[in-house]
$ cat my_file.txt   # compact mmCIF, C-alpha atoms
# COMPACT_ATOMS: atom_id res chain seq x y z
CA MET A 1 -20.14 -0.66 -15.78
CA ARG A 2 -16.85 1.16 -16.05
CA LEU A 3 -15.08 0.21 -19.25
CA SER A 4 -12.06 2.50 -18.97
CA VAL A 5 -9.55 2.99 -16.19
CA ALA A 6 -9.61 6.31 -14.35
CA ALA A 7 -6.26 7.98 -13.79
CA ALA A 8 -4.38 7.25 -10.52
CA ILE A 9 -6.25 4.02 -9.69
CA SER A 10 -3.98 0.97 -9.79
CA HIS A 11 -6.04 -1.80 -8.21
CA GLY A 12 -4.69 -5.24 -8.96
CA ARG A 13 -1.48 -4.13 -10.69
CA VAL A 14 1.29 -6.54 -9.66
CA TYR A 15 4.34 -5.08 -11.36
CA ARG A 16 6.01 -2.03 -9.80
CA ARG A 17 7.17 0.86 -11.96
CA LEU A 18 10.96 1.13 -11.60
CA GLY A 19 13.60 3.08 -13.53
CA LEU A 20 12.91 5.43 -16.42
CA SER A 21 10.73 3.23 -18.65
CA PRO A 22 9.55 -0.40 -18.95
CA ARG A 23 12.71 -1.27 -20.90
CA SER A 24 14.83 0.40 -18.21
CA ARG A 25 12.95 -1.52 -15.53
CA LEU A 26 13.81 -4.81 -17.24
CA ASP A 27 17.45 -3.78 -17.58
CA LEU A 28 17.59 -2.87 -13.90
CA LEU A 29 16.13 -6.22 -12.89
CA ARG A 30 18.43 -8.02 -15.28
CA ASN A 31 21.48 -6.39 -13.67
CA LEU A 32 20.23 -7.37 -10.24
CA VAL A 33 19.63 -10.99 -11.28
CA THR A 34 23.13 -11.16 -12.77
CA ALA A 35 24.61 -9.76 -9.57
CA LEU A 36 22.64 -12.23 -7.45
CA VAL A 37 23.83 -15.21 -9.50
CA ARG A 38 27.43 -13.94 -9.33
CA HIS A 39 27.65 -12.96 -5.64
CA GLU A 40 24.80 -15.07 -4.17
CA ARG A 41 23.92 -12.28 -1.72
CA ILE A 42 23.18 -8.66 -2.58
CA GLU A 43 21.91 -5.61 -0.75
CA THR A 44 19.52 -3.35 -2.65
CA PRO A 45 16.35 -1.30 -2.03
CA TRP A 46 13.53 -3.52 -0.86
CA ALA A 47 11.22 -2.76 -3.78
CA ARG A 48 13.84 -3.80 -6.34
CA ALA A 49 14.74 -6.94 -4.39
CA ASP A 50 11.08 -7.92 -4.10
CA GLU A 51 10.51 -7.32 -7.81
CA MET A 52 13.64 -9.24 -8.77
CA ARG A 53 12.89 -12.25 -6.58
CA GLY A 54 10.18 -13.63 -8.83
CA TYR A 55 12.33 -13.31 -11.94
CA ALA A 56 15.32 -14.99 -10.25
CA GLU A 57 13.24 -17.95 -9.06
CA ARG A 58 11.66 -18.43 -12.48
CA LEU A 59 15.12 -18.34 -14.05
CA ILE A 60 16.24 -21.14 -11.73
CA ASP A 61 13.11 -23.11 -12.64
CA TYR A 62 14.06 -22.76 -16.30
CA ALA A 63 17.64 -23.81 -15.49
CA LYS A 64 16.35 -26.96 -13.80
CA ARG A 65 15.09 -28.11 -17.20
CA GLY A 66 18.71 -28.65 -18.21
CA ASP A 67 20.99 -26.80 -20.60
CA LYS A 68 19.96 -28.88 -23.62
CA ASP A 69 16.57 -27.12 -23.50
CA GLU A 70 16.42 -24.37 -26.11
CA ARG A 71 14.04 -22.09 -24.16
CA ALA A 72 16.06 -22.44 -20.97
CA MET A 73 19.26 -21.46 -22.79
CA ARG A 74 17.59 -18.44 -24.43
CA MET A 75 16.20 -17.28 -21.07
CA ALA A 76 19.60 -17.64 -19.40
CA ASP A 77 21.21 -15.81 -22.30
CA PHE A 78 18.81 -12.86 -21.94
CA TRP A 79 18.79 -12.62 -18.17
CA LEU A 80 22.50 -13.08 -17.42
CA THR A 81 24.52 -10.31 -19.00
CA GLU A 82 27.86 -11.89 -17.97
CA LYS A 83 28.12 -15.05 -20.02
CA ASP A 84 30.34 -17.06 -17.64
CA LEU A 85 27.43 -17.05 -15.20
CA ILE A 86 25.35 -19.16 -17.59
CA HIS A 87 27.77 -22.01 -16.87
CA LYS A 88 27.48 -21.37 -13.14
CA LEU A 89 23.68 -21.31 -13.37
CA PHE A 90 23.36 -24.65 -15.14
CA LYS A 91 26.22 -26.49 -13.43
CA VAL A 92 26.08 -25.17 -9.84
CA LEU A 93 22.67 -23.63 -9.07
CA ALA A 94 20.43 -26.09 -10.93
CA PRO A 95 21.85 -29.19 -9.13
CA ARG A 96 21.86 -27.31 -5.81
CA PHE A 97 18.15 -26.57 -6.04
CA GLN A 98 17.03 -29.80 -7.74
CA PRO A 99 15.57 -31.30 -4.52
CA HIS A 100 13.72 -28.06 -3.64
CA ALA A 101 10.26 -27.34 -5.08
CA GLY A 102 10.45 -23.54 -5.01
CA SER A 103 11.55 -20.55 -2.89
CA TYR A 104 15.24 -20.58 -3.69
CA THR A 105 15.83 -17.09 -2.34
CA ARG A 106 15.60 -15.43 1.05
CA LEU A 107 14.60 -11.77 1.38
CA LEU A 108 15.29 -9.98 4.68
CA GLN A 109 14.87 -6.34 5.58
CA ILE A 110 17.83 -4.28 6.79
CA PRO A 111 18.00 -0.97 8.71
CA ASN A 112 17.32 1.99 6.37
CA ARG A 113 20.13 3.25 4.17
CA ASP A 114 22.52 5.75 5.80
CA GLY A 115 22.31 8.37 3.04
CA LEU A 116 19.93 11.31 2.71
CA ASP A 117 17.12 9.21 1.21
CA ARG A 118 16.88 6.70 4.14
CA ALA A 119 15.64 4.09 1.68
CA LYS A 120 14.13 0.81 2.84
CA MET A 121 16.85 -1.72 2.08
CA ALA A 122 16.82 -5.49 1.89
CA VAL A 123 19.34 -8.26 1.47
CA ILE A 124 18.40 -11.05 -0.93
CA GLU A 125 20.41 -14.25 -1.04
CA LEU A 126 20.26 -17.66 -2.64
CA LYS A 127 19.72 -20.43 -0.11
CA GLY A 128 22.64 -22.80 0.41
CA ASN A 129 25.30 -20.19 -0.33
CA PRO A 130 28.79 -20.60 1.22
CA LEU A 131 28.75 -17.18 2.90
CA PRO A 132 28.21 -16.67 6.67
CA PRO A 133 24.52 -16.95 7.68
CA LEU A 134 22.51 -13.76 8.17
CA VAL A 135 20.16 -15.09 10.84
CA ARG A 136 20.96 -17.72 13.42
CA PRO A 137 18.07 -20.10 14.00
CA ARG A 138 17.02 -19.63 17.61
CA ARG A 139 15.74 -22.47 19.73
CA ASP A 140 13.15 -21.63 22.36
CA SER A 141 14.59 -21.10 25.81
CA ASP A 142 14.42 -24.05 28.21
CA ARG A 143 13.06 -21.85 31.01
CA THR A 144 9.58 -21.28 29.54
CA LEU A 145 6.66 -22.96 31.30
CA LEU A 146 5.65 -25.12 28.35
CA ASN A 147 9.21 -26.36 27.83
CA GLN A 148 9.60 -27.18 31.53
CA LEU A 149 6.34 -29.16 31.46
CA LEU A 150 7.43 -31.03 28.33
CA LYS A 151 10.80 -31.77 29.92
CA GLY A 152 9.07 -33.18 33.01
CA TYR A 153 6.81 -35.32 30.81
CA ARG A 154 9.80 -36.64 28.89
CA GLN A 155 11.60 -37.53 32.15
CA ASP A 156 8.50 -39.30 33.51
CA ALA A 157 8.13 -41.30 30.30
CA GLN A 158 11.82 -42.29 30.46
CA ARG A 159 11.49 -43.37 34.08
CA ALA A 160 8.38 -45.40 33.26
CA ARG A 161 10.20 -47.05 30.34
CA GLY A 162 13.27 -47.74 32.53
CA THR A 163 11.41 -49.45 35.36
CA VAL B 1 -58.46 13.89 -11.06
CA LEU B 2 -57.34 17.49 -11.06
CA VAL B 3 -54.12 18.07 -9.12
CA LEU B 4 -53.16 21.58 -8.12
CA VAL B 5 -49.38 21.96 -7.97
CA ARG B 6 -48.08 25.10 -6.33
CA SER B 7 -44.79 26.22 -7.78
CA PRO B 8 -42.27 26.23 -4.89
CA LEU B 9 -40.12 29.00 -6.39
CA PRO B 10 -41.76 32.21 -5.07
CA ARG B 11 -41.89 30.83 -1.52
CA LEU B 12 -38.27 29.73 -1.68
CA ARG B 13 -37.17 33.08 -3.01
CA ALA B 14 -39.00 34.93 -0.23
CA LEU B 15 -37.46 32.66 2.38
CA LEU B 16 -33.97 33.19 0.99
CA HIS B 17 -34.54 37.00 0.92
CA ARG B 18 -35.49 36.96 4.56
CA CYS B 19 -32.55 34.76 5.63
CA TRP B 20 -30.08 36.86 3.68
CA GLY B 21 -31.44 40.07 5.17
CA ARG B 22 -31.07 38.66 8.65
CA LEU B 23 -27.50 37.54 7.94
CA GLU B 24 -26.48 40.94 6.59
CA ARG B 25 -27.91 42.79 9.56
CA GLY B 26 -26.35 40.41 12.04
CA LEU B 27 -29.73 39.29 13.40
CA TRP B 28 -28.97 35.57 13.06
CA PRO B 29 -26.78 34.77 16.05
CA ALA B 30 -26.68 31.00 15.43
CA VAL B 31 -24.58 31.33 12.28
CA PHE B 32 -21.67 33.55 13.38
CA GLY B 33 -21.92 33.25 17.16
CA GLY B 34 -22.87 36.84 17.91
CA GLN B 35 -20.13 38.52 15.84
CA SER B 36 -20.44 40.41 12.60
CA PRO B 37 -20.37 38.39 9.40
CA PRO B 38 -16.76 37.61 8.50
CA TRP B 39 -17.04 38.71 4.92
CA GLY B 40 -16.20 42.20 3.76
CA PRO B 41 -17.53 44.10 0.78
CA ALA B 42 -17.45 41.80 -2.25
CA LEU B 43 -16.58 43.17 -5.61
CA ALA B 44 -16.05 40.51 -8.26
CA VAL B 45 -17.53 41.91 -11.48
CA GLN B 46 -15.80 42.58 -14.74
CA GLY B 47 -16.63 45.45 -17.10
CA PRO B 48 -18.41 48.50 -15.63
CA ALA B 49 -18.07 48.11 -11.89
CA LEU B 50 -21.35 48.45 -9.95
CA VAL B 51 -20.29 50.22 -6.74
CA PRO B 52 -22.86 50.04 -3.90
CA GLN B 53 -23.75 53.28 -2.09
CA GLY B 54 -21.73 52.92 1.10
CA ILE B 55 -18.43 52.39 -0.68
CA SER B 56 -18.03 55.44 -3.00
CA VAL B 57 -16.14 57.86 -0.74
CA ALA B 58 -13.55 60.38 -2.03
CA GLY B 59 -10.77 59.02 0.20
CA THR B 60 -10.67 55.47 -1.29
CA PRO B 61 -8.14 54.90 -4.10
CA SER B 62 -9.66 54.32 -7.53
CA LEU B 63 -9.58 50.66 -8.49
CA PRO B 64 -9.03 49.29 -11.99
CA GLU B 65 -12.23 48.05 -13.56
CA SER B 66 -11.72 44.29 -13.86
CA VAL B 67 -10.55 43.45 -10.30
CA VAL B 68 -11.30 40.23 -8.42
CA TRP B 69 -11.06 40.12 -4.63
CA MET B 70 -9.24 37.13 -3.13
CA ALA B 71 -9.96 35.38 0.15
CA ALA B 72 -7.90 36.65 3.06
CA PRO B 73 -8.09 35.97 6.78
CA LYS B 74 -10.19 38.47 8.69
CA GLN B 75 -8.91 37.88 12.17
CA ARG B 76 -5.60 36.81 13.60
CA ARG B 77 -5.66 33.16 14.67
CA THR B 78 -4.95 33.06 18.39
CA ILE B 79 -2.10 30.97 19.72
CA GLU B 80 -4.58 28.62 21.40
CA VAL B 81 -6.29 27.90 18.08
CA ASN B 82 -2.91 27.54 16.38
CA ARG B 83 -1.73 25.08 19.01
CA CYS B 84 -4.87 23.01 18.60
CA ARG B 85 -4.24 22.75 14.87
CA ARG B 86 -0.48 22.13 15.05
CA ARG B 87 -0.62 19.58 17.84
CA ASN B 88 -3.58 17.64 16.54
CA HIS B 89 -3.00 13.90 16.95
CA SER B 90 -2.86 13.23 13.22
CA LYS B 91 0.11 15.63 12.88
CA LEU B 92 2.24 14.10 15.63
CA VAL B 93 4.82 11.39 14.99
CA GLU B 94 3.41 7.91 15.64
CA ILE B 95 5.09 5.99 18.47
CA LYS B 96 6.67 2.69 17.44
CA ARG B 97 5.83 -0.33 19.54
CA ASN B 98 7.79 -2.87 17.47
CA ILE B 99 11.26 -2.28 18.97
CA ASP B 100 12.96 -5.24 20.67
CA VAL B 101 16.36 -6.27 22.00
CA CYS B 102 18.56 -8.43 19.76
CA PRO B 103 19.25 -11.69 21.66
CA GLU B 104 22.76 -11.99 20.17
CA CYS B 105 24.33 -8.59 20.86
CA GLY B 106 21.80 -6.74 23.01
CA ASN B 107 21.33 -3.77 20.68
CA LEU B 108 17.88 -2.51 19.87
CA LYS B 109 16.26 -3.70 16.65
CA GLN B 110 12.84 -3.55 15.02
CA LYS B 111 10.99 -6.84 15.13
CA HIS B 112 10.77 -7.40 11.37
CA VAL B 113 14.26 -6.02 10.54
CA LEU B 114 17.69 -7.61 11.01
CA CYS B 115 19.87 -6.29 13.85
CA GLY B 116 22.16 -3.55 12.47
CA HIS B 117 25.19 -4.57 14.54
CA CYS B 118 24.97 -8.28 13.71
CA TYR B 119 24.39 -7.51 10.03
CA ALA B 120 27.43 -5.20 9.94
CA LYS B 121 29.52 -8.06 11.40
CA VAL B 122 28.29 -10.50 8.75
CA LYS B 123 28.76 -7.91 5.98
CA GLU B 124 32.40 -7.31 6.97
CA GLU B 125 33.16 -11.04 7.03
CA THR B 126 31.43 -11.47 3.64
CA ARG B 127 33.56 -8.67 2.21
CA LEU B 128 36.78 -10.37 3.37
CA ILE B 129 35.64 -13.71 1.94
CA ARG B 130 34.85 -12.02 -1.38
CA MET B 131 38.33 -10.46 -1.44
CA GLU B 132 39.82 -13.95 -1.07
CA ILE B 133 37.54 -15.22 -3.85
CA TYR B 134 38.65 -12.39 -6.12
CA LYS B 135 42.32 -13.17 -5.41
CA LYS B 136 41.73 -16.84 -6.22
CA GLU B 137 39.81 -16.12 -9.43
CA GLY B 138 42.47 -13.70 -10.59
CA GLY B 139 40.30 -11.57 -12.83
CA PRO B 140 36.75 -10.61 -13.78
CA PHE B 141 34.27 -13.05 -15.40
CA ASN B 142 35.91 -16.20 -13.99
CA ALA B 143 32.94 -17.64 -12.12
CA PRO B 144 33.65 -21.28 -11.21
CA THR B 145 31.44 -24.16 -12.27
CA VAL B 146 31.69 -25.92 -8.89
CA GLU B 147 30.35 -25.07 -5.43
CA THR B 148 32.46 -23.08 -2.97
CA VAL B 149 33.26 -23.75 0.69
CA VAL B 150 35.00 -21.43 3.18
CA LEU B 151 37.53 -22.95 5.59
CA TYR B 152 39.20 -21.17 8.47
CA GLU B 153 42.55 -21.77 10.15
CA GLY B 154 43.29 -25.38 10.96
CA GLU B 155 40.26 -26.86 9.22
CA LYS B 156 40.42 -29.72 6.78
CA PRO B 157 37.89 -30.31 4.01
CA THR B 158 35.46 -33.09 4.92
CA GLU B 159 34.18 -35.79 2.55
CA LYS B 160 31.16 -33.56 1.91
CA ASP B 161 33.48 -30.91 0.36
CA GLU B 162 34.82 -33.33 -2.23
CA GLY B 163 34.46 -31.49 -5.55
CA ARG B 164 34.26 -27.96 -4.16
CA ARG B 165 36.53 -24.99 -4.55
CA ILE B 166 38.11 -24.10 -1.17
CA ILE B 167 38.46 -20.51 0.01
CA GLU B 168 40.93 -20.10 2.90
CA ARG B 169 40.43 -17.40 5.52
CA ALA B 170 43.41 -16.67 7.73
CA ARG B 171 41.63 -16.41 11.06
CA LYS B 172 39.88 -18.52 13.65
CA ARG B 173 36.32 -19.53 12.81
CA PRO B 174 33.86 -17.01 14.34
CA SER B 175 31.39 -18.52 16.78
CA TRP B 176 28.36 -17.40 14.82
CA PHE B 177 29.50 -19.08 11.56
CA VAL B 178 28.68 -22.71 12.17
CA GLN B 179 30.35 -25.24 9.88
CA ASN B 180 27.96 -27.76 8.33
$ encode --input "my_file.txt" --output "structure tokens"
Amino acid sequence: MRLSVAAAISHGRVYRRLGLSPRSRLDLLRNLVTALVRHERIETPWARADEMRGYAERLIDYAKRGDKDERAMRMADFWLTEKDLIHKLFKVLAPRFQPHAGSYTRLLQIPNRDGLDRAKMAVIELKGNPLPPLVRPRRDSDRTLLNQLLKGYRQDAQRARGT
Amino acid sequence: VLVLVRSPLPRLRALLHRCWGRLERGLWPAVFGGQSPPWGPALAVQGPALVPQGISVAGTPSLPESVVWMAAPKQRRTIEVNRCRRRNHSKLVEIKRNIDVCPECGNLKQKHVLCGHCYAKVKEETRLIRMEIYKKEGGPFNAPTVETVVLYEGEKPTEKDEGRRIIERARKRPSWFVQN
């Protein structure tokens, strides 16, 4: 039974290593969360967006407890470096997401960055934001076989109900 | 019960002697395919060098005592062999089969990625909206405590937009930005 971890095996590790150190990683994520709460849609490398998503959603869960809650206020104070966003979090985002159970953010991949590094980029946005939508919901075309059959069935049912 | 165990070492040594002799003399065609063995004279000893008989000729330059021979290719690799190695399937670029046509604009896009053209359109419009927001807020760190709604030319706020901050954009509403 192996009791120690061999070098260069990272099975089961969930947290990515970003930035220069663990403290730097938290600062990076904190800046991204602040930017997301301020602008409601940001474009960053996919790994950072994916890492930040969990923290942002947990922050909103804390905010849903209400601003009288001591822990919620301390969390918001740590995670949002710009203090006017604490008001926005508790007064705008918490009521907006009160009916939802989870998944307050949407993460979509974008074509690779134009610079030399060709990094895998993503856009992460809070749902229900006032900005133009990124993806238009597409209805299935009416010309497919299944849809034509369903249309015929609907017309037959209507005719049967009519007569 | 008395068990007689023959030590396997003398037999093994004799076998190895024979195989080595055959290899050296080139009498084992299966190993090198009829050519001479690809190794040259090996000299990897430190201290007093033990030079075998065939090597000590007056013409060879005198070598320093503690020298170690390195591996080097014996024969030039032919272009056919080189091509086989360079064009091996694992070294070629993989073909992508996940490219589709965007239904909105007709450009090509990967299936799991947003269309670049449509995203550029949305990004430009977002930038203009954010400029209007910045003008309305007047300065940094003035995030509002109410929701925001964007209205285009000739649009009135509905009863759903009661307590919201209104951002005006001086253009017609684009077809892909549906008001709800």
$ closest_residue --input "my_file.txt" --among "B:Glu80, B:Glu124, B:Glu132, B:Glu104" --to "Arg138 of chain A" --atoms "all atoms listed in the file"
B:Glu104
$ interface_residues --input "my_file.txt" --of "chain A" --to "chain B" --cutoff "6 Å" --atoms "all atoms listed in the file" --output "list in words"
Lys88, Lys91, Val92, Gln109, Ile110, Pro130 and Pro132 of chain A
$ atom_distance --input "my_file.txt" --atom1 "atom CA of Arg96 of chain A" --atom2 "atom CA of Arg164 of chain B"
12.5 Å
$ residues_around --input "my_file.txt" --residues "Leu59 of chain A" --least-positions-apart "3" --cutoff "9 Å" --atoms "all atoms listed in the file" --output "list in words"
Gly54, Tyr55, Ala56, Tyr62, Ala63, Lys64, Ala72, Met75, Ala76 and Trp79 of chain A
$ atom_distance --input "my_file.txt" --atom1 "atom CA of Glu51 of chain A" --atom2 "atom CA of Leu128 of chain B"
28.7 Å
$ atom_distance --input "my_file.txt" --atom1 "atom CA of Asp77 of chain A" --atom2 "atom CA of Lys135 of chain B"
27.2 Å
$ residues_around --input "my_file.txt" --residues "Pro38 of chain B" --least-positions-apart "5" --cutoff "12 Å" --atoms "all atoms listed in the file" --output "PyMOL selection string"
chain B and resi 23-24+26+31-33+71-75
$ closest_residue --input "my_file.txt" --among "A:Arg13, A:Arg106, A:Arg58, A:Arg71" --to "Val135 of chain A" --atoms "all atoms listed in the file"
A:Arg106
$ closest_residue --input "my_file.txt" --among "A:Asp27, A:Asp67, A:Asp50, A:Asp84" --to "Thr105 of chain A" --atoms "only C-alpha atoms"
A:Asp50
